[in-house]
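Chemist: Hey, dropping start-v7.tsv in here, TSV, C-alpha atoms and all ligand atoms:
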```tsv
chain	number	residue	atom	x	y	z
A	266	SER	CA	22.32	4.34	9.04
A	267	VAL	CA	20.12	2.74	6.39
A	268	VAL	CA	21.47	1.25	3.15
A	269	VAL	CA	18.96	0.81	0.33
A	270	VAL	CA	19.99	-1.50	-2.49
A	271	GLY	CA	17.29	-0.99	-5.07
A	272	SER	CA	15.70	0.63	-8.09
A	273	ILE	CA	15.56	4.19	-9.35
A	274	ASN	CA	13.31	5.24	-12.25
A	275	MET	CA	12.05	8.27	-14.01
A	276	ASP	CA	8.25	8.24	-13.99
A	277	LEU	CA	6.76	9.89	-17.08
A	278	VAL	CA	3.19	10.74	-16.15
A	279	ALA	CA	0.60	11.89	-18.69
A	280	THR	CA	-3.00	12.65	-17.75
A	281	ALA	CA	-5.76	12.23	-20.33
A	282	PRO	CA	-9.56	12.12	-20.25
A	283	ARG	CA	-9.39	8.36	-20.79
A	284	LEU	CA	-6.83	5.64	-21.46
A	285	PRO	CA	-6.13	5.13	-25.20
A	286	SER	CA	-7.16	1.91	-26.98
A	287	PRO	CA	-4.63	-0.05	-29.09
A	288	GLY	CA	-3.67	1.95	-32.19
A	289	GLU	CA	-5.33	5.11	-30.90
A	290	THR	CA	-3.76	8.52	-30.23
A	291	ILE	CA	-5.57	10.85	-27.87
A	292	LEU	CA	-4.77	14.31	-26.56
A	293	GLY	CA	-3.58	14.45	-23.00
A	294	THR	CA	-4.10	17.32	-20.58
A	295	SER	CA	-0.83	17.41	-18.61
A	296	PHE	CA	2.61	15.83	-18.37
A	297	THR	CA	5.18	15.61	-15.59
A	298	THR	CA	8.37	13.68	-14.92
A	299	THR	CA	9.08	12.59	-11.36
A	300	PRO	CA	11.85	10.47	-9.89
A	301	GLY	CA	10.54	7.11	-8.71
A	302	GLY	CA	11.38	3.46	-8.33
A	303	LYS	CA	10.67	1.77	-5.02
A	304	GLY	CA	14.33	1.80	-4.00
A	305	ALA	CA	14.79	5.54	-4.49
A	306	ASN	CA	11.37	6.35	-3.05
A	307	GLN	CA	12.10	4.40	0.13
A	308	ALA	CA	15.64	5.80	0.40
A	309	ILE	CA	14.30	9.35	0.11
A	310	ALA	CA	11.54	8.58	2.61
A	311	ALA	CA	14.06	7.21	5.12
A	312	ALA	CA	16.32	10.25	4.72
A	313	LYS	CA	13.42	12.67	5.12
A	314	ALA	CA	12.36	10.71	8.20
A	315	GLY	CA	15.76	11.49	9.68
A	316	ALA	CA	18.08	8.58	8.86
A	317	ASP	CA	21.54	8.70	7.28
A	318	VAL	CA	20.88	6.87	4.02
A	319	VAL	CA	23.14	5.33	1.38
A	320	PHE	CA	21.56	4.37	-1.94
A	321	VAL	CA	23.11	1.58	-4.01
A	322	GLY	CA	21.69	1.34	-7.52
A	323	ALA	CA	22.20	2.35	-11.13
A	324	VAL	CA	21.13	4.92	-13.69
A	325	GLY	CA	21.78	4.78	-17.43
A	326	GLU	CA	23.62	7.10	-19.76
A	327	ASP	CA	20.78	9.41	-20.66
A	328	THR	CA	19.48	12.81	-19.61
A	329	PHE	CA	17.36	11.24	-16.84
A	330	ALA	CA	20.52	10.07	-15.05
A	331	LEU	CA	21.51	13.53	-13.87
A	332	GLU	CA	18.02	14.37	-12.65
A	333	LEU	CA	17.69	11.06	-10.81
A	334	ARG	CA	21.01	11.56	-9.04
A	335	GLN	CA	19.96	15.11	-8.13
A	336	ALA	CA	16.73	13.83	-6.56
A	337	LEU	CA	18.80	11.71	-4.18
A	338	VAL	CA	21.17	14.59	-3.43
A	339	ASP	CA	18.26	16.96	-2.79
A	340	ALA	CA	16.90	14.57	-0.16
A	341	GLU	CA	20.39	14.27	1.38
A	342	VAL	CA	20.71	10.62	0.37
A	343	ASP	CA	24.34	9.57	-0.18
A	344	SER	CA	24.57	8.98	-3.95
A	345	GLU	CA	28.27	8.01	-4.02
A	346	HIS	CA	27.26	4.39	-4.59
A	347	LEU	CA	24.99	5.16	-7.56
A	348	ARG	CA	26.61	3.94	-10.76
A	349	GLU	CA	26.12	4.85	-14.37
A	350	VAL	CA	25.80	1.91	-16.74
A	351	ASP	CA	25.38	1.65	-20.50
A	352	GLY	CA	21.87	1.97	-21.91
A	353	PRO	CA	18.78	3.72	-20.61
A	354	SER	CA	17.82	4.59	-17.04
A	355	GLY	CA	14.83	2.76	-15.64
A	356	ILE	CA	11.56	4.43	-16.64
A	357	ALA	CA	7.83	4.04	-16.22
A	358	THR	CA	5.36	5.61	-18.62
A	359	ILE	CA	2.14	6.19	-16.76
A	360	THR	CA	-1.16	7.33	-18.23
A	361	VAL	CA	-3.79	8.49	-15.76
A	362	ASN	CA	-7.45	9.02	-16.73
A	363	GLY	CA	-10.03	11.36	-15.22
A	364	ASP	CA	-11.08	8.72	-12.66
A	365	GLY	CA	-7.50	8.33	-11.43
A	366	GLN	CA	-7.16	4.89	-13.04
A	367	ASN	CA	-3.85	4.29	-14.74
A	368	SER	CA	-2.02	2.10	-17.19
A	369	ILE	CA	1.72	1.70	-16.81
A	370	VAL	CA	4.63	0.39	-18.83
A	371	ALA	CA	7.77	0.02	-16.72
A	372	VAL	CA	11.15	-0.67	-18.31
A	373	SER	CA	13.77	-1.66	-15.76
A	374	GLY	CA	16.74	-0.44	-17.86
A	375	ALA	CA	19.76	0.26	-15.65
A	376	ASN	CA	18.02	-1.36	-12.66
A	377	SER	CA	18.40	-4.78	-14.27
A	378	ARG	CA	22.16	-4.17	-14.38
A	379	VAL	CA	22.66	-3.79	-10.64
A	380	THR	CA	24.45	-7.11	-10.51
A	381	GLU	CA	27.75	-6.46	-8.73
A	382	LEU	CA	28.30	-5.03	-5.27
A	383	THR	CA	31.62	-3.22	-4.82
A	384	ASP	CA	33.88	-3.36	-1.77
A	385	ASP	CA	32.62	0.15	-0.91
A	386	ASP	CA	29.01	-1.08	-1.04
A	387	LEU	CA	29.84	-4.00	1.22
A	388	GLU	CA	31.62	-1.73	3.67
A	389	ALA	CA	28.55	0.52	3.85
A	390	LEU	CA	26.38	-2.56	4.43
A	391	ALA	CA	28.58	-3.86	7.23
A	392	GLY	CA	28.40	-0.53	9.08
A	393	ALA	CA	24.64	0.04	8.67
A	394	ASP	CA	21.81	-0.55	11.14
A	395	VAL	CA	19.40	-1.60	8.41
A	396	LEU	CA	19.55	-2.91	4.84
A	397	LEU	CA	16.29	-2.11	3.04
A	398	CYS	CA	15.51	-3.89	-0.25
A	399	GLN	CA	12.65	-4.36	-2.69
A	400	LEU	CA	12.39	-6.62	-5.75
A	401	GLU	CA	12.87	-4.19	-8.64
A	402	ILE	CA	16.52	-5.19	-9.14
A	403	PRO	CA	17.88	-8.73	-9.77
A	404	LEU	CA	16.99	-11.14	-6.98
A	405	ASP	CA	20.57	-12.43	-6.83
A	406	THR	CA	21.83	-8.94	-5.96
A	407	VAL	CA	19.27	-8.63	-3.17
A	408	THR	CA	20.39	-12.01	-1.84
A	409	THR	CA	24.08	-11.03	-1.99
A	410	ALA	CA	23.41	-7.75	-0.18
A	411	ALA	CA	21.36	-9.59	2.45
A	412	ARG	CA	24.15	-12.13	2.93
A	413	TYR	CA	26.69	-9.40	3.67
A	414	ALA	CA	24.32	-7.54	5.94
A	415	ALA	CA	23.54	-10.71	7.86
A	416	ARG	CA	27.25	-11.25	8.55
A	417	SER	CA	27.26	-7.96	10.46
A	418	GLU	CA	24.69	-6.69	12.92
A	419	THR	CA	22.75	-5.10	10.05
A	420	ALA	CA	19.02	-5.91	10.08
A	421	VAL	CA	17.75	-7.15	6.71
A	422	MET	CA	14.42	-5.57	5.80
A	423	LEU	CA	12.61	-6.66	2.64
A	424	ASN	CA	9.57	-5.16	0.95
A	425	PRO	CA	8.88	-8.00	-1.55
A	426	SER	CA	7.41	-5.86	-4.29
A	427	PRO	CA	6.64	-6.67	-7.07
A	428	VAL	CA	5.68	-9.80	-5.17
A	429	GLN	CA	7.19	-13.09	-6.33
A	430	THR	CA	8.14	-16.42	-4.82
A	431	LEU	CA	11.04	-15.84	-2.46
A	432	PRO	CA	13.88	-18.36	-2.70
A	433	PRO	CA	14.79	-20.01	0.64
A	434	ALA	CA	18.38	-18.68	0.26
A	435	LEU	CA	16.99	-15.14	0.54
A	436	LEU	CA	14.19	-15.85	3.03
A	437	GLU	CA	16.53	-17.27	5.64
A	438	LEU	CA	18.48	-13.98	5.63
A	439	VAL	CA	15.49	-11.67	6.07
A	440	ASP	CA	14.81	-10.23	9.54
A	441	VAL	CA	11.83	-8.04	8.68
A	442	LEU	CA	9.24	-8.39	5.90
A	443	ILE	CA	7.14	-5.32	5.05
A	444	VAL	CA	4.06	-6.31	3.05
A	445	ASN	CA	0.68	-4.86	2.22
A	446	GLU	CA	-2.37	-7.13	2.49
A	447	THR	CA	-2.21	-8.14	-1.19
A	448	GLU	CA	1.45	-9.12	-0.94
A	449	GLU	CA	0.82	-10.95	2.32
A	450	ARG	CA	-1.90	-13.05	0.67
A	451	GLN	CA	0.38	-13.88	-2.25
A	452	LEU	CA	3.27	-15.12	-0.11
A	453	SER	CA	3.07	-18.65	1.23
A	454	GLU	CA	2.43	-19.23	4.92
A	455	ASP	CA	5.78	-20.99	5.11
A	456	ALA	CA	7.54	-17.94	3.71
A	457	LEU	CA	5.86	-15.63	6.22
A	458	ALA	CA	6.58	-18.04	9.08
A	459	ALA	CA	10.27	-18.20	8.13
A	460	VAL	CA	10.79	-14.50	8.90
A	461	PRO	CA	11.19	-13.29	12.52
A	462	HIS	CA	9.37	-9.95	12.10
A	463	VAL	CA	6.43	-9.41	9.72
A	464	VAL	CA	4.93	-5.94	9.30
A	465	THR	CA	1.68	-5.75	7.34
A	466	THR	CA	0.32	-2.40	6.18
A	467	LEU	CA	-3.48	-2.10	6.20
A	468	GLY	CA	-4.08	1.15	4.28
A	469	ALA	CA	-6.22	3.61	6.28
A	470	ALA	CA	-6.45	1.02	9.07
A	471	GLY	CA	-2.73	1.32	9.89
A	472	ALA	CA	-0.46	-1.68	10.31
A	473	ARG	CA	0.04	-4.88	12.26
A	474	TYR	CA	3.14	-6.66	13.48
A	475	ARG	CA	4.04	-10.24	14.33
A	476	GLY	CA	7.30	-10.76	16.19
A	477	PRO	CA	9.66	-13.70	16.72
A	478	ASP	CA	7.93	-14.92	19.90
A	479	GLY	CA	4.49	-14.59	18.38
A	480	GLU	CA	4.15	-11.09	19.86
A	481	ARG	CA	1.41	-9.16	18.05
A	482	LEU	CA	0.71	-5.43	17.70
A	483	ARG	CA	-1.98	-3.40	15.91
A	484	ILE	CA	-1.15	0.24	15.28
A	485	ASP	CA	-3.79	2.67	14.02
A	486	SER	CA	-2.97	5.19	11.33
A	487	PRO	CA	-3.71	8.83	12.15
A	488	ILE	CA	-6.89	10.01	10.42
A	489	VAL	CA	-6.03	12.35	7.55
A	490	GLY	CA	-7.70	13.61	4.37
A	491	PRO	CA	-6.10	11.47	1.65
A	492	VAL	CA	-5.73	12.98	-1.83
A	493	ASP	CA	-3.33	10.45	-3.44
A	494	THR	CA	-2.31	7.18	-1.81
A	495	THR	CA	0.61	6.67	-4.25
A	496	GLY	CA	3.81	6.35	-2.29
A	497	ALA	CA	2.19	5.67	1.08
A	498	GLY	CA	3.74	2.21	1.22
A	499	ASP	CA	7.18	3.57	0.32
A	500	ALA	CA	6.92	6.37	2.90
A	501	PHE	CA	5.93	3.75	5.48
A	502	ALA	CA	8.86	1.46	4.61
A	503	GLY	CA	11.45	4.25	4.66
A	504	ALA	CA	10.18	5.62	7.96
A	505	LEU	CA	10.06	2.13	9.48
A	506	ALA	CA	13.69	1.49	8.50
A	507	SER	CA	14.76	4.83	9.96
A	508	MET	CA	13.20	3.96	13.34
A	509	TRP	CA	13.68	0.19	13.48
A	510	ASN	CA	16.32	0.34	16.23
A	511	ARG	CA	13.68	1.86	18.58
A	512	GLY	CA	11.63	-1.33	18.60
A	513	PRO	CA	8.51	-2.37	16.68
A	514	ARG	CA	5.89	-0.33	18.56
A	515	GLU	CA	7.66	2.98	18.14
A	516	ALA	CA	8.79	2.17	14.59
A	517	LEU	CA	5.29	1.16	13.41
A	518	THR	CA	3.66	4.18	15.04
A	519	PHE	CA	6.14	6.49	13.35
A	520	ALA	CA	5.79	4.70	10.00
A	521	CYS	CA	1.97	4.83	10.11
A	522	ALA	CA	2.13	8.59	10.61
A	523	ALA	CA	4.58	8.88	7.70
A	524	GLY	CA	2.33	6.76	5.45
A	525	ALA	CA	-0.73	8.80	6.43
A	526	LEU	CA	1.02	12.10	5.67
A	527	ALA	CA	2.17	10.77	2.27
A	528	THR	CA	-1.49	10.25	1.29
A	529	THR	CA	-2.24	13.94	1.87
A	530	ARG	CA	0.07	14.98	-0.99
A	531	PRO	CA	0.27	13.97	-4.65
A	532	GLY	CA	3.19	11.98	-6.02
A	533	ALA	CA	5.51	9.38	-4.52
A	534	SER	CA	8.97	10.40	-3.27
A	535	CYS	CA	8.03	14.09	-3.11
A	536	ALA	CA	5.03	13.16	-0.92
A	537	SER	CA	7.05	11.56	1.87
A	538	PRO	CA	7.09	13.68	5.03
A	539	THR	CA	10.01	15.04	7.05
A	540	ARG	CA	10.74	13.98	10.60
A	541	PRO	CA	9.38	17.22	12.13
A	542	GLU	CA	6.14	16.76	10.14
A	543	ILE	CA	5.77	13.19	11.39
A	544	GLU	CA	6.50	14.20	14.97
A	545	ALA	CA	4.01	17.07	14.78
A	546	LEU	CA	1.26	14.71	13.61
A	547	LEU	CA	2.06	12.25	16.40
A	548	ALA	CA	2.04	15.02	19.01
A	549	LYS	CA	-1.52	16.02	18.04
A	601	LIG	P1	0.53	0.21	-0.21
A	601	LIG	O1	0.47	1.60	-0.77
A	601	LIG	O2	1.88	-0.43	-0.32
A	601	LIG	O3	-0.60	-0.71	-0.63
A	601	LIG	P2	-0.94	0.77	2.23
A	601	LIG	O4	-2.07	1.21	1.39
A	601	LIG	O5	-1.19	-0.31	3.23
A	601	LIG	O6	0.35	0.38	1.38
A	601	LIG	O7	-0.42	2.09	3.01
A	601	LIG	C1	0.78	2.14	3.72
A	601	LIG	C2	0.58	2.92	5.00
A	601	LIG	O8	0.17	4.26	4.67
A	601	LIG	C3	-0.50	2.37	5.91
A	601	LIG	O9	0.04	1.43	6.81
A	601	LIG	C4	-0.98	3.63	6.62
A	601	LIG	O10	-0.15	3.93	7.72
A	601	LIG	C5	-0.81	4.71	5.58
A	601	LIG	N1	-2.07	4.97	4.84
A	601	LIG	C6	-2.42	4.51	3.64
A	601	LIG	N2	-3.65	4.95	3.28
A	601	LIG	C7	-4.09	5.72	4.30
A	601	LIG	C8	-5.28	6.49	4.55
A	601	LIG	N3	-6.28	6.53	3.67
A	601	LIG	N4	-5.35	7.17	5.73
A	601	LIG	C9	-4.35	7.13	6.64
A	601	LIG	N5	-3.22	6.43	6.45
A	601	LIG	C10	-3.07	5.74	5.30
```
Could you take the file, read its structure, and then write that structure out as structure tokens?

Modeler:
Amino acid sequence: SVVVVGSINMDLVATAPRLPSPGETILGTSFTTTPGGKGANQAIAAAKAGADVVFVGAVGEDTFALELRQALVDAEVDSEHLREVDGPSGIATITVNGDGQNSIVAVSGANSRVTELTDDDLEALAGADVLLCQLEIPLDTVTTAARYAARSETAVMLNPSPVQTLPPALLELVDVLIVNETEERQLSEDALAAVPHVVTTLGAAGARYRGPDGERLRIDSPIVGPVDTTGAGDAFAGALASMWNRGPREALTFACAAGALATTRPGASCASPTRPEIEALLAK
């Protein structure tokens, strides 16, 4: 199984002919709300890719909370470890213009209050194959989760996004880093070298891997017709976690196909493909 300790947000997406200037009000053309947050997106992606997934995180006490929980349930992610805390759920208000450029305000809300792990959370971690984390919840919580996972046979996978300097106390617990090229450039060489497995996503070019003995792999992404690359990285990470126990070559190949399929559909968590869809693309 895969345990994700991470963020869950409601994305409030408005489209408008252009992005408003300070003090300006403009008329938009459409509005949607979609569940997001890297933690939830990757948990949903892993579940759709076929893994048993537990999500550990928090929503607030607002009307988004129910919808966010339902998004996990709909994807068959175990939401028993999702708590409700005082204050608002995490949100992102996103304005998209006619060219597809956006401006975003993200408020972490309940995500910033994921500070304690319960005995039930720790038990789930101890029994899991993979812990998958990102950096949209407090760093100390990620480190605590990683510490418990590392005590068991649970592989610690980290997608360090939004990218920031990783404290040595966390780095030494990480088995697998999943980074895109921008994140890879922003991490120090020492940080990258400290981790046994580094997976770098390369957009349409696929992904590369560097293993503990210096083993290197390059995996191509299937050629698809992308319409919206949002969520490709999250689909990749979730799929990779779901297949990690099969070894890097098989896991990266599977994850590249998942990432590619995610670009053929709009949105983030709703764009991640199911296992049969991924297998069908790979069988082509
Ligand atoms: P991020 O969205 O985090 O920047 P990438 O852009 O590297 O991540 O995409 C993640 C994965 O999604 C890639 O490794 C690749 O497998 C797949 N992918 C992304 N863009 C495309 C594309 N245009 N065509 C095919 N696959 C893609």

Chemist: Near region 296-309 of chain A, counting only C-alpha atoms, which residues have an atom at most 8 Å away, once you skip same-chain residues fewer than 4 positions from it, shown as an MDAnalysis selection string?

Modeler: chainID A and resid 268:280 313 318:320 332:333 336:337 340:342 398:399 401 496 499:500 502:503 532:534 537

Chemist: Given the selection you just returned, output its residues as a file containing C-alpha atoms, formatted as a compact mmCIF listing (two decimals), keeping the file's coordinate frame.

Modeler:
```txt
# COMPACT_ATOMS: atom_id res chain seq x y z
CA VAL A 268 21.47 1.25 3.15
CA VAL A 269 18.96 0.81 0.33
CA VAL A 270 19.99 -1.50 -2.49
CA GLY A 271 17.29 -0.99 -5.07
CA SER A 272 15.70 0.63 -8.09
CA ILE A 273 15.56 4.19 -9.35
CA ASN A 274 13.31 5.24 -12.25
CA MET A 275 12.05 8.27 -14.01
CA ASP A 276 8.25 8.24 -13.99
CA LEU A 277 6.76 9.89 -17.08
CA VAL A 278 3.19 10.74 -16.15
CA ALA A 279 0.60 11.89 -18.69
CA THR A 280 -3.00 12.65 -17.75
CA LYS A 313 13.42 12.67 5.12
CA VAL A 318 20.88 6.87 4.02
CA VAL A 319 23.14 5.33 1.38
CA PHE A 320 21.56 4.37 -1.94
CA GLU A 332 18.02 14.37 -12.65
CA LEU A 333 17.69 11.06 -10.81
CA ALA A 336 16.73 13.83 -6.56
CA LEU A 337 18.80 11.71 -4.18
CA ALA A 340 16.90 14.57 -0.16
CA GLU A 341 20.39 14.27 1.38
CA VAL A 342 20.71 10.62 0.37
CA CYS A 398 15.51 -3.89 -0.25
CA GLN A 399 12.65 -4.36 -2.69
CA GLU A 401 12.87 -4.19 -8.64
CA GLY A 496 3.81 6.35 -2.29
CA ASP A 499 7.18 3.57 0.32
CA ALA A 500 6.92 6.37 2.90
CA ALA A 502 8.86 1.46 4.61
CA GLY A 503 11.45 4.25 4.66
CA GLY A 532 3.19 11.98 -6.02
CA ALA A 533 5.51 9.38 -4.52
CA SER A 534 8.97 10.40 -3.27
CA SER A 537 7.05 11.56 1.87
```

Chemist: Show me which residues sit within 8 Å of ligand LIG 601 (chain A) when counting only C-alpha atoms and all ligand atoms, and put them as a VMD selection string.

Modeler: chain A and resid 444 to 447 465 to 472 485 to 491 494 to 501 520 to 528

Chemist: How would the residues just chosen look if you wrote them out with C-alpha atoms as a PDB file, in the coordinates of the input?

Modeler:
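Just written: again14.pdb:
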```pdb
ATOM      1  CA  VAL A 444       4.060  -6.310   3.050  1.00  0.00           C
ATOM      2  CA  ASN A 445       0.680  -4.860   2.220  1.00  0.00           C
ATOM      3  CA  GLU A 446      -2.370  -7.130   2.490  1.00  0.00           C
ATOM      4  CA  THR A 447      -2.210  -8.140  -1.190  1.00  0.00           C
ATOM      5  CA  THR A 465       1.680  -5.750   7.340  1.00  0.00           C
ATOM      6  CA  THR A 466       0.320  -2.400   6.180  1.00  0.00           C
ATOM      7  CA  LEU A 467      -3.480  -2.100   6.200  1.00  0.00           C
ATOM      8  CA  GLY A 468      -4.080   1.150   4.280  1.00  0.00           C
ATOM      9  CA  ALA A 469      -6.220   3.610   6.280  1.00  0.00           C
ATOM     10  CA  ALA A 470      -6.450   1.020   9.070  1.00  0.00           C
ATOM     11  CA  GLY A 471      -2.730   1.320   9.890  1.00  0.00           C
ATOM     12  CA  ALA A 472      -0.460  -1.680  10.310  1.00  0.00           C
ATOM     13  CA  ASP A 485      -3.790   2.670  14.020  1.00  0.00           C
ATOM     14  CA  SER A 486      -2.970   5.190  11.330  1.00  0.00           C
ATOM     15  CA  PRO A 487      -3.710   8.830  12.150  1.00  0.00           C
ATOM     16  CA  ILE A 488      -6.890  10.010  10.420  1.00  0.00           C
ATOM     17  CA  VAL A 489      -6.030  12.350   7.550  1.00  0.00           C
ATOM     18  CA  GLY A 490      -7.700  13.610   4.370  1.00  0.00           C
ATOM     19  CA  PRO A 491      -6.100  11.470   1.650  1.00  0.00           C
ATOM     20  CA  THR A 494      -2.310   7.180  -1.810  1.00  0.00           C
ATOM     21  CA  THR A 495       0.610   6.670  -4.250  1.00  0.00           C
ATOM     22  CA  GLY A 496       3.810   6.350  -2.290  1.00  0.00           C
ATOM     23  CA  ALA A 497       2.190   5.670   1.080  1.00  0.00           C
ATOM     24  CA  GLY A 498       3.740   2.210   1.220  1.00  0.00           C
ATOM     25  CA  ASP A 499       7.180   3.570   0.320  1.00  0.00           C
ATOM     26  CA  ALA A 500       6.920   6.370   2.900  1.00  0.00           C
ATOM     27  CA  PHE A 501       5.930   3.750   5.480  1.00  0.00           C
ATOM     28  CA  ALA A 520       5.790   4.700  10.000  1.00  0.00           C
ATOM     29  CA  CYS A 521       1.970   4.830  10.110  1.00  0.00           C
ATOM     30  CA  ALA A 522       2.130   8.590  10.610  1.00  0.00           C
ATOM     31  CA  ALA A 523       4.580   8.880   7.700  1.00  0.00           C
ATOM     32  CA  GLY A 524       2.330   6.760   5.450  1.00  0.00           C
ATOM     33  CA  ALA A 525      -0.730   8.800   6.430  1.00  0.00           C
ATOM     34  CA  LEU A 526       1.020  12.100   5.670  1.00  0.00           C
ATOM     35  CA  ALA A 527       2.170  10.770   2.270  1.00  0.00           C
ATOM     36  CA  THR A 528      -1.490  10.250   1.290  1.00  0.00           C
TER      37      THR A 528
END
```

Chemist: Using only C-alpha atoms, which protein or nucleic acid residues come within 12 Å of Ser266 (chain A)? Drop anything in the same chain fewer than 2 positions from it, and give the result as a ChimeraX atom specification.

Modeler: /A:268-269,308,311-312,314-320,342-343,389-397,418-420,503,506-510

Chemist: May I ask for the distance between CA of Pro403 (chain A) and CA of Leu442 (chain A), given in Å to one decimal place?

Modeler: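 One can read the CA of Pro403 (chain A) to CA of Leu442 (chain A) distance as 17.9 Å.
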
Chemist: Take CA of Val463 (chain A) and CA of Arg540 (chain A) and report the distance between them in Å, one decimal.

Modeler: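 Distance reported for this atom pair: 23.8 Å.
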
Chemist: If we count only C-alpha atoms and set the cut-off at 6 Å, which residues sit around region 451-461 of chain A, ignoring sequence neighbours fewer than 5 positions away in its own chain? Please answer as a list in words.

Modeler: Asp440, Gly476 and Pro477 of chain A

Chemist: Tell me, as a list in words, which residues lie within 8 Å of Gly325 (chain A), counting only C-alpha atoms; anything in the same chain fewer than 6 positions away does not count.

Modeler: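 Once the adjacent positions are removed, what remains is Glu349, Val350, Asp351, Gly352, Pro353, Ser354, Gly355, Gly374 and Ala375 of chain A.
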
Chemist: At what distance in Å, to one decimal, does CA of Asp327 (chain A) lie from CA of Thr294 (chain A)?

Modeler: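 Separation of CA of Thr294 (chain A) and CA of Asp327 (chain A): 26.1 Å.
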
Chemist: Please identify all polymer residues within 9 Å of Thr409 (chain A), counting all atoms listed in the file, omitting same-chain residues fewer than 4 positions from it, and present them as a ChimeraX atom specification.

Modeler: /A:381-382,404-405,413-414,435

Chemist: So, with only C-alpha atoms as the atoms that count, which of A:Ser295, A:Ser344, A:Ser426, A:Thr380 lies closest to Thr408 (chain A)?

Modeler: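 Using only C-alpha atoms, Thr408 (chain A) sits closest to A:Thr380.
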
Chemist: Return the single residue from A:Glu449, A:Leu517, A:Ile359, A:Arg416 that is closest to Arg481 (chain A), with distances computed using all atoms listed in the file.

Modeler: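 That would be A:Leu517, the residue with the smallest distance to Arg481 (chain A).
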